[in-house]
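Student: File name protein_38.txt; file contents compact mmCIF, C-alpha atoms; full text below.
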# COMPACT_ATOMS: atom_id res chain seq x y z
CA MET A 1 -45.64 -64.25 -10.20
CA PHE A 2 -48.01 -65.43 -12.91
CA ALA A 3 -48.77 -61.80 -13.77
CA SER A 4 -45.07 -61.06 -14.06
CA ALA A 5 -44.54 -64.06 -16.31
CA SER A 6 -47.50 -63.04 -18.51
CA SER A 7 -46.09 -59.52 -18.78
CA SER A 8 -42.68 -60.86 -19.83
CA VAL A 9 -44.28 -63.09 -22.46
CA GLY A 10 -46.28 -60.12 -23.73
CA ASN A 11 -43.16 -57.93 -23.99
CA CYS A 12 -41.32 -60.67 -25.86
CA GLN A 13 -44.20 -60.98 -28.31
CA ASP A 14 -44.24 -57.20 -28.85
CA ASP A 15 -40.47 -57.18 -29.45
CA THR A 16 -40.82 -60.05 -31.91
CA ALA A 17 -43.64 -58.25 -33.73
CA TYR A 18 -41.66 -55.00 -33.99
CA SER A 19 -38.58 -56.91 -35.14
CA SER A 20 -40.59 -58.73 -37.77
CA MET A 21 -42.20 -55.51 -38.96
CA PHE A 22 -38.82 -53.74 -39.15
CA GLN A 23 -37.35 -56.64 -41.08
CA THR A 24 -40.28 -56.58 -43.52
CA VAL A 25 -39.92 -52.84 -44.11
CA SER A 26 -36.15 -53.20 -44.52
CA GLU A 27 -36.55 -56.02 -47.02
CA TRP A 28 -39.07 -53.98 -49.01
CA LEU A 29 -36.94 -50.82 -48.90
CA TRP A 30 -33.83 -52.63 -50.11
CA TRP A 31 -35.63 -54.86 -52.58
CA GLU A 32 -33.21 -55.20 -55.47
CA ARG A 33 -35.86 -54.59 -58.14
CA LEU A 34 -36.40 -51.07 -56.76
CA TRP A 35 -32.77 -50.06 -57.11
CA LEU A 36 -31.14 -52.34 -59.68
CA PRO A 37 -31.88 -53.79 -63.12
CA ALA A 38 -33.07 -57.36 -63.50
CA ASN A 39 -30.50 -60.13 -62.96
CA VAL A 40 -28.37 -57.80 -60.79
CA SER A 41 -28.20 -58.21 -57.00
CA TRP A 42 -26.51 -56.37 -54.13
CA SER A 43 -23.95 -59.15 -53.97
CA ASP A 44 -22.80 -58.18 -57.46
CA LEU A 45 -21.87 -54.72 -56.09
CA GLU A 46 -19.63 -55.92 -53.29
CA ASP A 47 -16.02 -54.72 -53.42
CA SER A 48 -13.82 -57.26 -55.18
CA GLU A 49 -10.93 -57.55 -57.61
CA GLY A 50 -9.88 -53.94 -57.06
CA ARG A 51 -13.36 -52.62 -57.75
CA VAL A 52 -14.94 -50.28 -55.17
CA TYR A 53 -18.67 -49.56 -55.24
CA ALA A 54 -20.77 -46.85 -53.62
CA LYS A 55 -22.56 -47.93 -50.44
CA ALA A 56 -25.68 -46.49 -48.83
CA SER A 57 -23.92 -46.25 -45.46
CA GLN A 58 -21.50 -43.71 -46.94
CA LEU A 59 -24.35 -41.20 -47.23
CA TYR A 60 -24.22 -40.67 -43.46
CA ALA A 61 -21.01 -38.72 -44.04
CA ALA A 62 -23.08 -35.93 -45.63
CA LEU A 63 -24.29 -34.75 -42.20
CA PRO A 64 -20.85 -34.14 -40.62
CA CYS A 65 -19.78 -32.65 -43.96
CA ALA A 66 -22.74 -30.23 -43.80
CA LEU A 67 -21.84 -29.24 -40.24
CA CYS A 68 -18.22 -28.66 -41.28
CA LEU A 69 -19.37 -26.51 -44.19
CA LEU A 70 -21.49 -24.43 -41.83
CA LEU A 71 -18.37 -23.85 -39.72
CA VAL A 72 -16.32 -22.99 -42.82
CA ARG A 73 -19.10 -20.63 -43.91
CA PHE A 74 -19.02 -18.88 -40.52
CA LEU A 75 -15.25 -18.41 -40.75
CA PHE A 76 -15.48 -17.34 -44.41
CA GLU A 77 -18.10 -14.69 -43.70
CA ARG A 78 -16.33 -13.39 -40.59
CA TYR A 79 -12.76 -13.23 -41.90
CA LEU A 80 -13.24 -12.74 -45.65
CA ALA A 81 -16.72 -11.50 -46.57
CA ILE A 82 -17.13 -8.91 -43.81
CA PRO A 83 -13.66 -7.34 -44.36
CA LEU A 84 -14.42 -7.25 -48.09
CA ALA A 85 -17.73 -5.53 -47.33
CA ASN A 86 -15.79 -2.96 -45.29
CA VAL A 87 -13.38 -2.36 -48.18
CA TRP A 88 -16.30 -1.82 -50.56
CA GLU A 89 -18.09 0.32 -47.96
CA ILE A 90 -21.18 -1.87 -47.88
CA ARG A 91 -23.21 -0.64 -44.93
CA ASP A 92 -26.55 -1.59 -43.43
CA ARG A 93 -29.10 1.15 -43.51
CA VAL A 94 -29.85 2.80 -40.17
CA ARG A 95 -33.34 1.73 -39.19
CA CYS A 96 -35.87 3.25 -36.82
CA THR A 97 -37.32 0.54 -34.60
CA ALA A 98 -41.04 0.26 -34.04
CA GLU A 99 -42.10 1.52 -30.63
CA PRO A 100 -43.46 -1.15 -28.28
CA ASN A 101 -47.17 -1.77 -28.66
CA HIS A 102 -48.57 -5.18 -27.75
CA ILE A 103 -51.82 -4.67 -29.71
CA LEU A 104 -50.03 -3.96 -32.99
CA GLU A 105 -47.41 -6.63 -32.26
CA ASN A 106 -50.08 -9.27 -31.76
CA TYR A 107 -51.78 -8.25 -35.00
CA PHE A 108 -48.45 -8.29 -36.88
CA CYS A 109 -47.46 -11.75 -35.61
CA SER A 110 -50.82 -13.49 -35.74
CA GLN A 111 -52.74 -11.88 -38.62
CA ALA A 112 -50.86 -9.87 -41.26
CA ARG A 113 -47.75 -7.81 -41.88
CA LEU A 114 -49.79 -5.44 -44.04
CA PRO A 115 -53.14 -4.46 -42.51
CA SER A 116 -56.13 -3.61 -44.66
CA GLN A 117 -57.63 -0.14 -44.44
CA ALA A 118 -60.52 -1.48 -42.39
CA ASP A 119 -58.09 -3.12 -39.97
CA VAL A 120 -56.09 0.10 -39.74
CA ARG A 121 -59.22 1.97 -38.64
CA SER A 122 -59.98 -0.74 -36.11
CA LEU A 123 -56.43 -0.58 -34.74
CA CYS A 124 -56.72 3.20 -34.50
CA LYS A 125 -59.67 2.77 -32.16
CA LYS A 126 -57.91 0.14 -30.05
CA THR A 127 -54.67 2.09 -29.70
CA SER A 128 -56.02 5.68 -29.90
CA TRP A 129 -53.35 6.36 -32.54
CA PRO A 130 -53.88 8.28 -35.80
CA GLU A 131 -53.73 6.36 -39.09
CA ARG A 132 -50.34 7.76 -40.11
CA ARG A 133 -48.76 6.61 -36.86
CA ILE A 134 -50.20 3.10 -37.43
CA HIS A 135 -48.78 3.00 -40.98
CA VAL A 136 -45.37 4.19 -39.79
CA TRP A 137 -45.32 1.54 -37.06
CA PHE A 138 -46.02 -1.27 -39.55
CA ARG A 139 -43.38 0.05 -41.99
CA ARG A 140 -40.76 0.08 -39.25
CA ARG A 141 -41.85 -3.33 -37.99
CA ARG A 142 -41.61 -4.83 -41.48
CA ASN A 143 -38.14 -3.33 -41.89
CA GLN A 144 -37.04 -5.07 -38.69
CA GLU A 145 -37.86 -8.43 -40.35
CA ARG A 146 -35.68 -7.75 -43.37
CA ALA A 147 -32.08 -8.86 -43.60
CA GLY A 148 -29.45 -6.15 -43.80
CA LEU A 149 -27.36 -5.53 -46.90
CA ARG A 150 -24.18 -6.88 -45.30
CA LYS A 151 -25.88 -10.17 -44.41
CA ARG A 152 -27.10 -10.58 -47.98
CA PHE A 153 -23.64 -9.74 -49.28
CA CYS A 154 -21.99 -12.32 -47.02
CA GLU A 155 -24.48 -15.02 -48.01
CA ALA A 156 -24.04 -14.37 -51.74
CA SER A 157 -20.24 -14.30 -51.34
CA TRP A 158 -20.24 -17.70 -49.63
CA ARG A 159 -22.43 -19.29 -52.28
CA CYS A 160 -20.38 -17.78 -55.09
CA ALA A 161 -17.17 -19.15 -53.55
CA PHE A 162 -18.63 -22.62 -53.01
CA TYR A 163 -20.10 -22.89 -56.52
CA PHE A 164 -16.76 -21.80 -57.98
CA PHE A 165 -14.74 -24.44 -56.14
CA ALA A 166 -17.45 -27.07 -56.68
CA PHE A 167 -17.45 -26.42 -60.43
CA VAL A 168 -13.66 -26.59 -60.56
CA GLY A 169 -13.83 -29.86 -58.64
CA GLY A 170 -16.45 -31.16 -61.07
CA VAL A 171 -14.29 -30.26 -64.07
CA LEU A 172 -11.30 -32.03 -62.52
CA ALA A 173 -13.45 -35.09 -61.86
CA LEU A 174 -14.82 -35.19 -65.41
CA TYR A 175 -12.41 -33.65 -67.93
CA ASP A 176 -10.51 -36.86 -68.68
CA LYS A 177 -13.48 -39.24 -68.55
CA PRO A 178 -14.79 -40.71 -71.81
CA TRP A 179 -18.45 -40.40 -70.70
CA LEU A 180 -18.19 -36.61 -70.66
CA TYR A 181 -17.63 -36.60 -74.43
CA ASN A 182 -19.68 -39.68 -75.35
CA LEU A 183 -22.75 -39.99 -73.11
CA LYS A 184 -23.32 -43.61 -74.15
CA GLU A 185 -20.23 -44.43 -72.09
CA VAL A 186 -22.20 -43.43 -69.00
CA TRP A 187 -23.93 -46.83 -69.19
CA ALA A 188 -20.97 -48.96 -70.24
CA GLY A 189 -20.90 -51.87 -67.76
CA PHE A 190 -23.71 -50.40 -65.63
CA PRO A 191 -24.27 -50.97 -62.75
CA LYS A 192 -20.94 -52.70 -62.17
CA GLN A 193 -18.96 -49.45 -62.41
CA SER A 194 -16.20 -48.90 -59.88
CA MET A 195 -16.43 -45.68 -57.89
CA LEU A 196 -13.56 -43.22 -58.24
CA ALA A 197 -12.15 -41.16 -55.37
CA SER A 198 -12.90 -37.91 -57.25
CA GLN A 199 -16.55 -38.95 -57.62
CA TYR A 200 -16.81 -39.76 -53.91
CA TRP A 201 -15.52 -36.36 -52.77
CA TYR A 202 -17.52 -34.47 -55.39
CA TYR A 203 -20.73 -36.14 -54.24
CA LEU A 204 -19.90 -35.71 -50.55
CA PHE A 205 -19.29 -31.97 -50.76
CA GLU A 206 -22.31 -31.32 -52.99
CA MET A 207 -24.64 -33.27 -50.70
CA GLY A 208 -23.09 -31.64 -47.64
CA PHE A 209 -23.61 -28.20 -49.18
CA TYR A 210 -27.30 -28.68 -50.01
CA LEU A 211 -27.91 -30.27 -46.60
CA SER A 212 -26.21 -27.26 -44.99
CA LEU A 213 -28.57 -24.98 -46.93
CA LEU A 214 -31.54 -26.85 -45.50
CA LEU A 215 -30.10 -26.61 -41.99
CA SER A 216 -29.46 -22.87 -42.37
CA LEU A 217 -32.82 -21.92 -43.88
CA THR A 218 -34.07 -20.62 -40.53
CA PHE A 219 -31.33 -17.99 -40.20
CA ASP A 220 -30.55 -17.32 -43.87
CA VAL A 221 -32.09 -14.38 -45.74
CA LYS A 222 -35.79 -15.14 -46.18
CA ARG A 223 -36.69 -14.73 -49.83
CA LYS A 224 -39.90 -15.01 -51.74
CA ASP A 225 -38.82 -18.28 -53.34
CA PHE A 226 -38.46 -19.92 -49.92
CA LYS A 227 -40.82 -22.80 -50.77
CA GLU A 228 -39.21 -23.33 -54.17
CA GLN A 229 -35.79 -23.43 -52.51
CA VAL A 230 -36.94 -26.08 -50.03
CA ILE A 231 -38.43 -28.18 -52.86
CA HIS A 232 -35.26 -27.77 -54.91
CA HIS A 233 -32.90 -28.71 -52.07
CA ILE A 234 -34.96 -31.77 -51.09
CA ALA A 235 -35.29 -32.88 -54.72
CA THR A 236 -31.54 -32.44 -55.21
CA LEU A 237 -30.66 -34.43 -52.09
CA THR A 238 -33.15 -37.16 -53.06
CA LEU A 239 -31.73 -37.32 -56.57
CA LEU A 240 -28.13 -37.45 -55.36
CA SER A 241 -28.89 -40.09 -52.71
CA PHE A 242 -30.77 -42.31 -55.13
CA SER A 243 -28.13 -41.98 -57.83
CA TRP A 244 -25.47 -42.87 -55.27
CA ILE A 245 -27.21 -46.04 -54.08
CA SER A 246 -28.18 -47.15 -57.59
CA ASN A 247 -24.69 -46.37 -58.91
CA TYR A 248 -25.93 -43.64 -61.26
CA ILE A 249 -22.78 -41.79 -60.26
CA ARG A 250 -21.42 -40.99 -63.70
CA ILE A 251 -24.53 -39.15 -64.83
CA GLY A 252 -24.90 -37.65 -61.35
CA THR A 253 -21.53 -35.87 -61.60
CA ILE A 254 -22.51 -34.47 -65.00
CA VAL A 255 -25.82 -33.16 -63.62
CA MET A 256 -24.03 -31.38 -60.76
CA ALA A 257 -21.42 -29.79 -63.03
CA VAL A 258 -24.11 -28.53 -65.43
CA HIS A 259 -25.92 -26.82 -62.56
CA ASP A 260 -22.88 -25.32 -60.83
CA SER A 261 -21.58 -23.63 -63.98
CA ALA A 262 -24.30 -20.96 -64.12
CA ASP A 263 -24.83 -20.53 -60.38
CA ILE A 264 -21.34 -19.00 -60.01
CA LEU A 265 -22.30 -16.09 -62.24
CA LEU A 266 -25.64 -15.48 -60.54
CA GLU A 267 -24.13 -15.21 -57.07
CA GLY A 268 -21.19 -13.19 -58.43
CA ALA A 269 -23.57 -10.71 -60.04
CA LYS A 270 -25.40 -10.31 -56.72
CA VAL A 271 -22.12 -9.69 -54.87
CA LEU A 272 -21.13 -6.93 -57.30
CA ASN A 273 -24.63 -5.48 -57.22
CA TYR A 274 -24.50 -5.14 -53.43
CA ALA A 275 -21.12 -3.42 -53.88
CA LYS A 276 -22.83 -0.94 -56.24
CA TRP A 277 -20.86 -2.09 -59.28
CA HIS A 278 -24.13 -2.07 -61.17
CA GLN A 279 -22.79 -1.98 -64.72
CA THR A 280 -20.44 -4.91 -64.11
CA ALA A 281 -23.17 -6.79 -62.26
CA ASN A 282 -25.60 -6.33 -65.16
CA THR A 283 -22.97 -7.54 -67.64
CA ILE A 284 -22.33 -10.68 -65.59
CA PHE A 285 -26.07 -11.20 -65.21
CA ALA A 286 -26.45 -11.05 -69.00
CA VAL A 287 -23.75 -13.73 -69.38
CA PHE A 288 -25.46 -15.75 -66.66
CA THR A 289 -28.77 -15.55 -68.53
CA ILE A 290 -27.21 -16.92 -71.71
CA LEU A 291 -25.39 -19.69 -69.83
CA PHE A 292 -28.52 -20.57 -67.83
CA MET A 293 -30.61 -20.93 -70.98
CA LEU A 294 -27.88 -23.01 -72.64
CA THR A 295 -27.27 -25.39 -69.72
CA ARG A 296 -30.80 -25.71 -68.32
CA LEU A 297 -32.96 -25.50 -71.46
CA VAL A 298 -30.68 -27.13 -74.03
CA ILE A 299 -27.93 -29.29 -72.52
CA PHE A 300 -29.95 -30.60 -69.57
CA PRO A 301 -33.10 -31.77 -71.42
CA PHE A 302 -31.60 -32.71 -74.80
CA TRP A 303 -28.34 -34.25 -73.65
CA VAL A 304 -28.63 -35.25 -69.99
CA ILE A 305 -32.29 -36.38 -69.82
CA HIS A 306 -31.97 -37.94 -73.27
CA CYS A 307 -28.98 -39.87 -71.93
CA THR A 308 -30.92 -41.18 -68.91
CA TRP A 309 -34.16 -41.83 -70.81
CA VAL A 310 -33.04 -43.42 -74.09
CA TYR A 311 -29.62 -45.05 -73.69
CA PRO A 312 -30.33 -47.25 -70.61
CA VAL A 313 -33.13 -49.24 -72.29
CA GLU A 314 -30.65 -50.26 -75.00
CA ARG A 315 -28.78 -52.26 -72.33
CA PHE A 316 -31.40 -53.40 -69.79
CA ASP A 317 -35.15 -53.45 -69.20
CA PRO A 318 -36.62 -50.45 -67.36
CA PHE A 319 -37.01 -50.87 -63.60
CA PHE A 320 -38.36 -48.70 -60.78
CA GLY A 321 -35.08 -46.82 -60.31
CA TYR A 322 -34.98 -45.96 -64.01
CA TYR A 323 -38.44 -44.33 -63.84
CA PHE A 324 -37.84 -42.67 -60.46
CA PHE A 325 -34.54 -41.08 -61.53
CA ASN A 326 -36.02 -39.71 -64.73
CA VAL A 327 -39.09 -38.36 -62.93
CA MET A 328 -36.82 -36.46 -60.53
CA LEU A 329 -34.88 -35.01 -63.48
CA VAL A 330 -38.17 -33.91 -65.04
CA VAL A 331 -39.11 -32.19 -61.76
CA LEU A 332 -35.84 -30.25 -61.96
CA GLN A 333 -36.55 -29.40 -65.59
CA ILE A 334 -39.96 -27.98 -64.64
CA LEU A 335 -38.23 -25.75 -62.09
CA HIS A 336 -35.78 -24.72 -64.82
CA LEU A 337 -38.63 -23.64 -67.09
CA TYR A 338 -40.25 -21.72 -64.25
CA TRP A 339 -37.03 -19.87 -63.41
CA ALA A 340 -36.16 -19.35 -67.07
CA ALA A 341 -39.38 -17.38 -67.60
CA LEU A 342 -38.59 -15.16 -64.61
CA ILE A 343 -34.95 -14.70 -65.60
CA SER A 344 -36.06 -13.69 -69.11
CA ARG A 345 -38.15 -10.89 -67.60
CA MET A 346 -35.22 -9.85 -65.46
CA PHE A 347 -32.95 -9.82 -68.51
CA TYR A 348 -35.43 -7.61 -70.33
CA LYS A 349 -35.39 -5.16 -67.40
CA CYS A 350 -31.59 -5.33 -67.41
CA ILE A 351 -31.49 -4.28 -71.07
CA LEU A 352 -33.80 -1.36 -70.32
CA GLY A 353 -31.65 -0.38 -67.35
CA LYS A 354 -34.50 -0.92 -64.88
CA LEU A 355 -33.01 -3.84 -62.95
CA GLU A 356 -31.97 -2.50 -59.57
CA GLY A 357 -31.01 -4.26 -56.37
CA ASP A 358 -31.81 -7.83 -55.49
CA ASP A 359 -35.55 -8.14 -55.98
CA ARG A 360 -35.56 -11.53 -54.32
CA SER A 361 -35.38 -9.66 -51.01
CA ASP A 362 -37.90 -7.11 -49.76
CA GLU A 363 -37.06 -3.44 -50.24
CA GLU A 364 -36.89 -1.30 -47.12
CA GLU A 365 -39.64 1.25 -46.64
CA ASP A 366 -39.26 4.84 -45.52
CA ASP A 367 -41.52 6.54 -43.02
CA SER A 368 -42.23 9.18 -45.65
CA ASP A 369 -43.07 6.78 -48.50
CA SER A 370 -46.08 7.76 -50.54
CA PRO A 371 -48.87 5.18 -50.99
CA GLN A 372 -47.61 4.50 -54.53
CA GLU A 373 -44.04 3.94 -53.32
CA ARG A 374 -45.28 1.78 -50.47
CA ASP A 375 -47.38 -0.36 -52.82
CA HIS A 376 -44.40 -0.77 -55.18
CA LYS A 377 -42.13 -1.97 -52.40
CA LEU A 378 -44.79 -4.20 -50.87
CA SER A 379 -45.31 -5.84 -54.24
CA HIS A 380 -42.00 -7.57 -53.52
CA ILE A 381 -43.47 -8.95 -50.30
CA ASN A 382 -46.46 -10.29 -52.19
CA GLY A 383 -44.23 -11.92 -54.77
CA SER A 384 -44.98 -9.96 -57.92
CA GLY A 385 -41.39 -9.10 -58.70
CA ALA A 386 -39.85 -11.21 -61.44
CA ARG A 387 -36.47 -11.33 -59.88
CA GLY A 388 -37.99 -12.25 -56.58
CA ARG A 389 -38.22 -15.98 -57.17
CA ALA A 390 -35.40 -16.60 -59.59
CA ASN A 391 -32.53 -18.30 -57.85
CA GLY A 392 -30.88 -19.91 -60.82
CA HIS A 393 -30.89 -23.52 -59.57
Translate this structure into structure tokens?
Tutor:
Amino acid sequence: MFASASSSVGNCQDDTAYSSMFQTVSEWLWWERLWLPANVSWSDLEDSEGRVYAKASQLYAALPCALCLLLVRFLFERYLAIPLANVWEIRDRVRCTAEPNHILENYFCSQARLPSQADVRSLCKKTSWPERRIHVWFRRRRNQERAGLRKRFCEASWRCAFYFFAFVGGVLALYDKPWLYNLKEVWAGFPKQSMLASQYWYYLFEMGFYLSLLLSLTFDVKRKDFKEQVIHHIATLTLLSFSWISNYIRIGTIVMAVHDSADILLEGAKVLNYAKWHQTANTIFAVFTILFMLTRLVIFPFWVIHCTWVYPVERFDPFFGYYFFNVMLVVLQILHLYWAALISRMFYKCILGKLEGDDRSDEEEDDSDSPQERDHKLSHINGSGARGRANGH
């Protein structure tokens, strides 16, 4: 009985300790000086007098929104993108599958997709196969890992459609707002700025979309900029979440609209390229390049970041949220510079008429490829292609 009582006392103490620790972490996480300027508290952002403010709990809606968008994407690809691919006669290439061989399969999965010459000779001894047969097996096995043309077409079509409607939604949410034309109005009355219904839905669908991209990374087309995409999506979701909680919503909607404007053209150019409308695709890509440079290298740093860096300190002292938000914008700007350099090289190839296909995805190899042709195609696997990592975000 005494042992039972001691155990109960011990459990109560553990529960109290965990509760105290959780309360401490919660208090630190929601410390007002992290999120809000001095002399402003969470109580000041409670709904009153017809004013409605953004709440952290509303961010949970992004997950069901992401799941709904995944369902909409499935229906879009099945009933719109695939029939359109049929109309444009977009077909997957017939592939020869690699014959079963557990020795080569183990090497492929555990060591490398492209064996060195020394490893090829070693595999020849283990399998009793000639070198050419080993090379053919690895080419076919690599081809099996690559997404088909129709899958890439469907994915680009979905993104193009979403960016188009998202940009239209952003324009409708911003066109009649004074802070779109005078960025100092972004901070008028901050942070006591009432949330508008258009801002709520714009944020919800954008966050749901980028969360859906994270959820679908495992079955989407694997590209060479996979790591950059993950960093971009996480940075975007972090930026949107923080701006929502700190009521940086006005500038947040402007940031989203600036990004969506160019992404429409990039995905549209890819769609037309897969349909073999190469001249039209190159023309759209040229327009995209100009718009990307204008929005990401001029408007974003010299208007948007200037707005978040300079104007706020005219109204309140800098706080943690001020520095954190600007650091995240600088991270995005670094990605912009990185992609701008790659897009410039792509644009140069486009002018010379040497831009073919979607270099972000691996090219398929033929059994009869020469070593030079094989090395050229495998350079895409190793990430040397300029277009390979440019995704326009």
Student: Would you compute the distance between CA of Thr238 in chain A and CA of Tyr338 in chain A? Give it in Å to one decimal.
Tutor: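 Distance between the two atoms: 20.3 Å.
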Student: May I ask which of the residues A:Glu89, A:Thr97, A:Leu352, A:Pro191 is the closest one to Ser41 in chain A, counting all atoms listed in the file?
Tutor: A:Pro191
Student: Given all atoms listed in the file as the basis, pick out the residue of A:Ala156, A:Ile82, A:Ile231, A:Met195 nearest to Leu335 in chain A.
Tutor: A:Ile231
Student: Pick from A:Val40, A:Ala197, A:Val230, A:Ala188: nearest to Ser212 in chain A, with all atoms listed in the file counted?
Tutor: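 Between A:Val40, A:Ala197, A:Val230, A:Ala188, the residue approaching Ser212 in chain A most closely is A:Val230.
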Student: Contacts of Leu211 in chain A at 9 Å or less, counting all atoms listed in the file, minus same-chain residues fewer than 6 places along, as a list in words?
Tutor: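 Once the nearby chain positions are removed, what remains is Ala62, Leu63, Cys65, Ala66, Leu67, His233, Ile234 and Leu237 of chain A.
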Student: Limited to C-alpha atoms, could you put the picked residues into a file as a JSON list (two decimals), in the coordinates of the input?
Tutor:
[["chain", "number", "residue", "atom", "x", "y", "z"],
["A", 62, "ALA", "CA", -23.08, -35.93, -45.63],
["A", 63, "LEU", "CA", -24.29, -34.75, -42.20],
["A", 65, "CYS", "CA", -19.78, -32.65, -43.96],
["A", 66, "ALA", "CA", -22.74, -30.23, -43.80],
["A", 67, "LEU", "CA", -21.84, -29.24, -40.24],
["A", 233, "HIS", "CA", -32.90, -28.71, -52.07],
["A", 234, "ILE", "CA", -34.96, -31.77, -51.09],
["A", 237, "LEU", "CA", -30.66, -34.43, -52.09]]
Student: Identify, on the basis of all atoms listed in the file, every residue whose closest approach to Trp42 in chain A does not exceed 7 Å; exclude the query and any residue fewer than 3 positions from it along the same chain; express the result as a list in words.
Tutor: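 Neighbouring residues, sequence-local ones excluded: Glu32, Leu45 and Glu46 of chain A.
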